[in-house]
Structures are given as structure tokens and as C-alpha cells.
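A short write-up of the structure that comes next.
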Amino acid sequence: MGVLAAIDIKFLPGVGPKKAELFARELDIRSAEDLVRHYPYKYIDRSRFYYIHEIAENMPFIQLKGQILRFDKAGEGRNQRLTAIFTDGKRTLELVWFQGIKFVIEKYKTGVEYVVFGRPSFFNGKFNLLHPEIDLPSQLPPPETMGLQPYYNTTEKMKSGFLNSKAVQKIMQALLPHLQGGVPETLPAYLLKKYSLMNLTEALINIHFPKNAHALNKARQRLKFEELLYVQLNILQQTKWREMNVKGFVMKKVGHFFHTFYSDYLPFELTNAQKRVIKEIHADMSGGKQMNRLLQGDVGSGKTLVALMSMLIAIDNGYQACIMAPTEILASQHFETIRSLVRDSGVKVSLLTGSTRPKAREELHASLRSGELHILIGTHALIEDPVQFLNLGLVVIDEQHRFGVEQRSKLWRKNVQPPHILVMTATPIPRTLAMTLYGDLSVSVIDELPPGRKPVQTFHYYENKRQALNGFIYKQIQAGRQVYVVYPLIQESEKMDLQNVTEGYAYFRETFPELRISMVHGKLKPAEKEYQMQEFAAGRMHIMVATTVIEVGVNVPNASVMIIENAERFGLSQLHQLRGRVGRGAEQSYCILLTGFKLASDTRKRMEIMTRTNDGFEISEADLQLRGPGDMEGTQQSGMPFELKIADLVRDSRMLEIARNTAMEILEEDPRLEKEINRLMAYQLKKLKQSTVNWGNIS
Ligand code: ADP
Ligand code: MG
């Protein structure tokens with residue numbers, strides 16, 4: 001970046017070696033170029049003063065002018081609280097501090113005119129300002145020149161090192177003259193023109209110190225577009241490379257195994273959605289490219305059958321196939337399901353998990369190497385194990401969100417030529433996220449449930465409804481149904497959580513002494529767990545009290561009630577997964593979300609969404625909105641391969657689409673970005689890849 005590149009941030013006014021070190025350690029900011037790319041996360045309008053009587057609920061930050069009438073100190077030690085009664089000459093308002101009390105009392109005086117700035121909160125029927133910023137009017141520029149003030153993310157360590165948002169703002173101010181000299185452009189002129197984008201110099205200046213709201217918008221647009229375009233160029237370039245260099249196994253034939261199964265073994269008519277999806281998969285597998293397909297379908301939509309029939313196509317073409325599941329229970333269940341589906345049709349299926357005995361394991365390895373075994377079903381053990389296939393042609397991965405990019409690449413190494421990959425998930429990845437995470441992952445959707453299913457009815461109850469709920473449980477069981485009661489279990493609070501399950505179990509036993517109730521959690525021995533599950537599946541238990549071990553896969557069509565205790569502690573996609581355990585039979589099913597009374601607004605939203613819709617797509621979109629892409633289950637384990645600094649996958653979905661199309665057009669004409677007009681982008685892309693370790697991992 002020319003001039004900027006020559007600056008050592010240590011020597012900027014207000015920085016120095018200590019703060020430079022903090023920038024580097026805390027935010028990975030090492031150069032002036034990094035620093036200008038640390039964008040504000042919000043702006044606050046300080047161009048006017050408000051009166052206390054104008055304050056309304058949900059107001060963002062506001063500034064007031066007036067005097068402190070008196071200070072009141074209350075509490076001791078950690079519970080100390082300082083209140084200042086502040087007046088704007090007409091009304092009064094409380095300013096409140098819980099920390100830095102001594103500092104505040106010493107610094108601020110009563111009877112002096114101050115500008116007070118903060119976010120109003122409503123407490124005890126009154127508005128107050130918590131930990132406001134206070135300045136003498138003479139310390140501030142006149143409000144009409146203040147405009148939009150940038151706020152920067154900082155960490156706790158930075159704050160204690162005197163590098164808070166305000167300090168960062170001052171440093172940016174010092175950087176401003178260097179920006180005004182001009183920053184080398186990172187987008188080619190033809191794109192700036194085509195989309196009427198602001199140039200980089202203007203955009204950087206305005207993102208930190210917006211002239212006005214319009215300029216800020218233009219700056220944002222430009223920087224977002226740039227960010228999204230490079231993400232797309234990177235993914236799509238890799239995809240192109242793969243298309244040109246990696247061949248896929250060609251599986252044109254639909255033969256004996258498929259036909260036999262279809263005509264003699266299929267227990268029911270396929271839904272139209274299943275038929276369509278199998279066709280899509282077959283088209284991929286026979287097309288000469290390596291398939292990379294995501295199969296999305298709500299819980300109970302019949303993905304397993306689609307997986308099986310896809311595997312039969314692979315077998316018909318002389319290849320082997322495997323299914324990987326996230327847990328042993330799920331792997332065993334797939335194994336049982338598939339074995340009973342193919343019965344004596346001649347398809348050889350085996351199960352490999354962590355608990356497969358050495359001797360069985362050896363036999364299995366041998367039959368895999370000889371090609372005698374057609375389908376291998378297992379857990380991670382499948383990739384960790386020194387498993388050698390004769391010719392692995394198709395890999396099915398169940399419940400994608402538990403499989404990271406790294407694991408997938410391990411699988412690839414099982415073959416000289418990568419197998420086709422089919423990833424199945426009930427928690428759909430929102431389109432925008434999929435577009436950002438994967439280049440060529442095509443998507444098939446089973447958007448139809450097998451006939452006769454009734455949508456699950458979902459209710460949100462507070463604790464006080466427990467009596468009524470018990471009555472309901474009893475009625476359902478009398479009618480011949482079964483009930484799940486699920487408790488959260490997370491590592492950080494494992495002990496407490498286990499205690500909750502145990503107590504819950506005791507409670508239900510006490511409440512329903514005449515019913516058969518089982519308990520299942522992750523701490524049980526696998527055999528015990530398995531036994532309890534089987535008992536429930538066979539209908540010999542009325543209620544299963546469990547932790548989330550039952551989240552994925554368990555299939556008990558007779559279970560019609562899912563009670564989720566402490567539902568506030570589950571994420572949306574988990575709630576949706578759990579709910580999917582019921583509604584698998586012909587009877588009306590119910591999902592009850594139990595929570596305490598006090599709920600955060602996010603939680604309230606989650607409950608509201610769950611009771612409103614059964615649509616997995618809607619839920620995953622909502623999840624993305626509530627949590628942001630970094631926290632989505634799909635990205636948590638695998639890790640977002642890059643971090644978006646300014647674009648937002650929810651709000652900027654339209655722009656993402658444009659960036660993607662633009663990247664496609666560019667690469668269509670110039671796959672390696674060798675043309676003169678694209679040189680700049682090639683250079684920029686290379687720089688980005690070097691700066692971000694993870695960028696190369698996107699598949
Ligand atoms: P998913 O994995 O998508 O949640 P499954 O493959 O476990 O769903 O299927 C759920 C249930 O629906 C299973 O009991 C399965 O046998 C049944 N099923 C699948 N396809 C059909 C169909 N076309 N008609 C009727 N039942 C089906
Ligand atoms: Mg399934």
C-alpha cells in the first residue's frame with residue numbers, strides 16, 4: 001500500500017512499543033495496512049444533544065448536557081455502586097457506576113457543566129445511564145462538527161493497556177493524513193466503474209471518519225464488495241482448478257444391485273423428492289467430475305434410503321462405498337437399517353466402530369481389500385483406522401456439521417483418485433453460508449416428507465405448567481405412545497448437568513411409579529446405553545430420560561412426545577434436531593420446550609421460532625441471524641476458513657450473490673487471472689492467502 005506500507009505503527013502518535021505489541025497480540029494488527037482494515041463496528045451520532053424527557057426505550061447512545069447535583073455511594077466492596085443525580089435543567093436522571101468509583105468521584109464535580117454520553121437503560125421504572133462517558137464541553141468539538149463517531153472493538157487486555165475504543169480512534173486520526181495521500185487501489189478500475197464503487201482511499205477515510213451517512217454507506221458497500229469478491233475468487237479458483245485437474249469416477253451404470261433392490265426390497269414407494277434427488281446424484285456420479293453434493297432434508301425425510309440407493313449405483317459400477325456417522329449409536333443404527341433393507345440381496349455390509357474387536361477388524365480389513373465387502377459403515381474410526389479399500393468410489397457423510405474440512409481431506413487421501421462425496425444433513429446450511437464455505441458443493445433437497453406424517457406441534461411452557469404437562473404425558477402413554485425427556489449436557493457444566501438428568505429421572509419415577517422409565521446419558525457404558533435404547537425402541541419403556549445422546553438418528557416411530565428441559569440452553573439447530581426424534585410415526589406428535597421465566601431476548605426468539613415453524617431452512621436462516629456465521633454449528637467444528645471483517649452473510653446476501661457472479665465471470669474469461677486488467681486481483685489474492693493460514697483450506 002505504498003505510503004502506508006512504509007509506516008511502522010509503533011511510531012504513530014499514541015501508540016509506542018507496548019500498544020503496538022497489544023495490537024499484534026490481541027488483534028493480529030502488525031502494520032498500518034492491518035490497522036486501517038480494523039473497521040469500526042458502529043458509529044454514534046454526536047451531532048446533537050438530547051433532553052432527558054426525550055429519552056425513550058431502545059434508544060441507542062445519546063448525549064446530554066447538564067450538571068451533577070450530587071453523588072450517592074451505596075454497598076460495600078464488590079457490591080459497591082455509585083449514583084450521580086444529573087440534571088439537564090428540566091429533569092433529572094441517574095448516572096450509575098459499579099466500577100472505577102474512586103476515579104469518578106475524584107474527577108467529576110457537582111455544579112459543573114458536562115457533556116454526558118451513554119446508552120440509556122430502563123431500571124426500576126426510570127431511565128439511567130450506566131458507566132457514561134463524561135467530558136467538559138470545552139474538551140469536545142462543537143456537536144455539529146462531531147458527526148458520526150467511530151467505535152472500535154478492543155479486548156479486555158487492550159482496555160487495561162489503555163487501548164480502548166477512544167484511543168484507537170485517536171490513532172486512526174493520526175493515520176488519516178497518510179491515507180489522504182492516496183492508498184493503492186485493490187480493485188480493477190473496470191469493476192469500480194461497473195458497480196459505481198468508491199475508490200479505496202475514499203472508502204478507508206470514510207469508514208473511519210464518515211463525512212456523512214451517505215459517504216459511510218458508499219464506503220461500506222465498496223469494502224464489503226471487495227471482501228466478498230476476494231472470498232469468491234479464492235473459492236471458485238480452487239474449484240476451477242479441481243475441475244480441470246481432478247477426474248471423478250464415472251459411474252454410468254444402473255444395474256443389478258440397484259434394480260433388484262428397487263423392485264424386490266424397497267419397502268415403500270419413494271417420495272417424488274427422493275426420486276428426484278437420486279437422479280441428481282446419479283447425474284453427478286456419471287458425469288466424469290468428482291461429486292461434492294450436499295443432501296439436505298429435514299429429519300425423517302428419508303435420507304438414509306437415498307444414501308443407500310446411491311451406494312448401490314456405486315456398487316453396480318464395481319466400486320465400494322462407505323457411510324460415516326458422527327456417533328457409534330448412529331453408525332450402528334445405520335448399519336441395522338441398511339442391513340435389514342438389503343437383507344439377502346447379495347449386498348455385503350459391515351460395521352466398523354471404535355469398539356469393533358481386533359479379530360473382527362482384521363477380517364473386515366481383509367474383505368475390504370479384496371473387494372468382497374461392498375458397504376462399510378462406521379464412525380470417525382473409518383478415517384482414523386488404517387482402513388484400505390480396494391476401490392472406494394462413494395463416501396456418504398451423515399450429519400455434516402460434525403465433520404470438519406480436515407477430516408474430509410483425510411478421507412480423500414484414502415484413494416489416489418478422490419471418491420464421490422455425499423454429505424447428508426438435517427440442519428440445512430443457509431445458502432449464503434454454503435456459498436461462502438464451499439465452491440462447488442451442489443445441493444439436493446428432499447423437500448417432502450413420506451406420506452402420512454403429521455407436523456409436530458410445538459409448545460413453549462414455563463416451569464409452572466409442569467402439573468398439566470404430567471397429565472398430558474400420562475394420557476399419551478395411556479394411548480400407547482412413548483415419551484422422551486431430554487436434558488442439556490455440555491462439557492463445561494457436565495457434573496451439574498448429569499445431576500440434573502439423574503434428578504429428573506428420580507422425579508419422573510416418583511411422579512409415575514407405575515410406568516417404566518429409563519435413563520440414558522453419555523457416561524453410561526456403551527453396552528448399557530445400547531441396551532436402554534433398544535428397550536425403548538422395542539416399546540418396553542414408556543419414558544426415556546436422556547441427555548442429548550439421542551440427538552441424532554434414533555428412530556422410534558411410536559414416540560410421540562419430546563420434552564426438552566432447560567430448553568433455553570439449546571441452540572436452534574439442536575432443538576430442531578431433537579424435535580425430529582418425534583413425528584416419525586402416523587400419530588400426532590408434540591414437542592414441549594420447558595424454560596424458566598427469565599429469558600434473554602435471544603432465547604425468547606428461539607422459542608418463538610420453534611413454536612412457529614417446522615421448516616429446517618427457516619430455522620437455519622434464523623439461527624444464522626441470531627448467532628452469526630462464526631457460531632453456526634456448521635462452522636464451529638470445521639472453523640470458518642476466513643473471517644469476514646465487514647460483510648455480513650445475512651444482511652449482505654444480495655451483494656454476495658453479485659460478488660459470486662462477478663467472480664465467476666472473471667474466472668470464466670481468465671481462470672488464472674493472468675490478463676493485464678486482472679493482475680491486480682491476482683496479486684491481491686496471493687497476498688490474502690499468505691496472510692490467512694486457513695484460506696487454503698476451503699474445499
Ligand atoms: P432422515 O435420515 O432423513 O432423518 P430416515 O432416512 O431415518 O430419515 O427416514 C425416516 C423414516 O422414514 C424411516 O423409518 C424410513 O424407513 C422412513 N421412510 C423413508 N423413506 C420413506 C418413504 N418413501 N415412504 C415411507 N417411509 C419412508
Ligand atoms: Mg438420518
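In the C-alpha cells, chains take letters A, B, ... by order of appearance, with residues numbered from 1 within each chain and ligands from 1 in the order shown.
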
>> If DSSP is run on the backbone, what residues of region 253-448 of chain A are helix (DSSP H, G or I)? A reply as an MDAnalysis selection string would be ideal.
In response: chainID A and resid 256:265 272:286 303:316 328:342 358:370 381:384 400:402 405:412 431:437

> What residues have any atom no more than 10 Å from ligand 1 when counting only C-alpha atoms and all ligand atoms, and can you list them as a PyMOL selection string?
Replying inline: chain A and resi 266-275+295-308+333-334+337-338+341+398-399+424-426+446+448-453+552-557+577+580-581+583-585

>> Can you tell me which residues surround Arg604 (chain A) at a distance of at most 12 Å, considering only C-alpha atoms, apart from same-chain residues fewer than 2 positions away, and format the answer as a list in words?
In response: His460, Tyr461, Tyr462, Ala567, Glu568, Arg569, Phe570, Gly571, Leu572, Leu593, Leu594, Thr595, Gly596, Phe597, Lys598, Leu599, Ala600, Ser601, Asp602, Arg606, Met607, Glu608, Ile609, Met610, Thr611 and Leu626 of chain A

>> Would you pick out the contacts of Phe117 (chain A) at 9 Å or less, using only C-alpha atoms, so that residues sharing its chain but fewer than 3 positions from it are not included, and give the list as a PyMOL selection string?
In response: chain A and resi 46+61-65+129+132-135

> If we count only C-alpha atoms, what is near Thr548 (chain A) at a cut-off of 8 Å, once residues fewer than 5 positions away on the same chain are taken out, given as a ChimeraX atom specification?
Replying inline: /A:486-489,521,578

Taking N, CA and C atoms for each residue, export the selection above as an mmCIF file, in the first residue's frame.
data_model
loop_
_atom_site.group_PDB
_atom_site.id
_atom_site.type_symbol
_atom_site.label_atom_id
_atom_site.label_comp_id
_atom_site.auth_asym_id
_atom_site.auth_seq_id
_atom_site.Cartn_x
_atom_site.Cartn_y
_atom_site.Cartn_z
ATOM 1 N N VAL A 486 -35.563 -34.741 27.555
ATOM 2 C CA VAL A 486 -34.146 -34.501 27.289
ATOM 3 C C VAL A 486 -33.602 -33.352 28.137
ATOM 4 N N TYR A 487 -32.420 -33.592 28.695
ATOM 5 C CA TYR A 487 -31.719 -32.566 29.468
ATOM 6 C C TYR A 487 -30.451 -32.160 28.741
ATOM 7 N N PRO A 488 -30.070 -30.894 28.892
ATOM 8 C CA PRO A 488 -28.818 -30.478 28.244
ATOM 9 C C PRO A 488 -27.609 -31.130 28.911
ATOM 10 N N LEU A 489 -26.590 -31.333 28.142
ATOM 11 C CA LEU A 489 -25.337 -31.795 28.717
ATOM 12 C C LEU A 489 -24.212 -31.132 27.953
ATOM 13 N N HIS A 521 -27.455 -41.570 29.310
ATOM 14 C CA HIS A 521 -26.567 -40.431 29.097
ATOM 15 C C HIS A 521 -25.190 -40.927 28.685
ATOM 16 N N LEU A 578 -33.598 -32.324 17.951
ATOM 17 C CA LEU A 578 -34.273 -33.087 18.999
ATOM 18 C C LEU A 578 -35.740 -33.293 18.650
#

> CA of Met541 (chain A) and CA of Gln478 (chain A), how far apart in Å?
Replying inline: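 Separating CA of Gln478 (chain A) from CA of Met541 (chain A) is a distance of 12.7 Å.
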
>> Set the distance at 8 Å and use only C-alpha atoms: which residues neighbour Gly161 (chain A) once local chain neighbours fewer than 2 positions away are removed? I'd like the list as a list in words.
In response: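 After dropping sequence-adjacent residues, the list is Lys19, Leu22, Lys157, Met158, Lys159 and Leu163 of chain A.
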
> What's the 8 Å shell around Glu227 (chain A), counting only C-alpha atoms, without same-chain residues fewer than 3 positions away, as a PyMOL selection string?
Replying inline: chain A and resi 223-224+230-231+644-647

Writer output for current selection, C-alpha atoms, as a PDB file, in the first residue's frame:
ATOM      1  CA  LEU A 223     -15.319  -2.552   1.275  1.00  0.00           C
ATOM      2  CA  LYS A 224     -17.945  -5.271   1.541  1.00  0.00           C
ATOM      3  CA  TYR A 230     -11.956 -11.997  -2.961  1.00  0.00           C
ATOM      4  CA  VAL A 231     -13.566 -14.728  -0.918  1.00  0.00           C
ATOM      5  CA  LEU A 644     -15.385 -11.600   7.297  1.00  0.00           C
ATOM      6  CA  LYS A 645     -14.457  -8.182   8.586  1.00  0.00           C
ATOM      7  CA  ILE A 646     -17.248  -6.112   7.255  1.00  0.00           C
ATOM      8  CA  ALA A 647     -19.648  -8.070   5.090  1.00  0.00           C
TER       9      ALA A 647
END
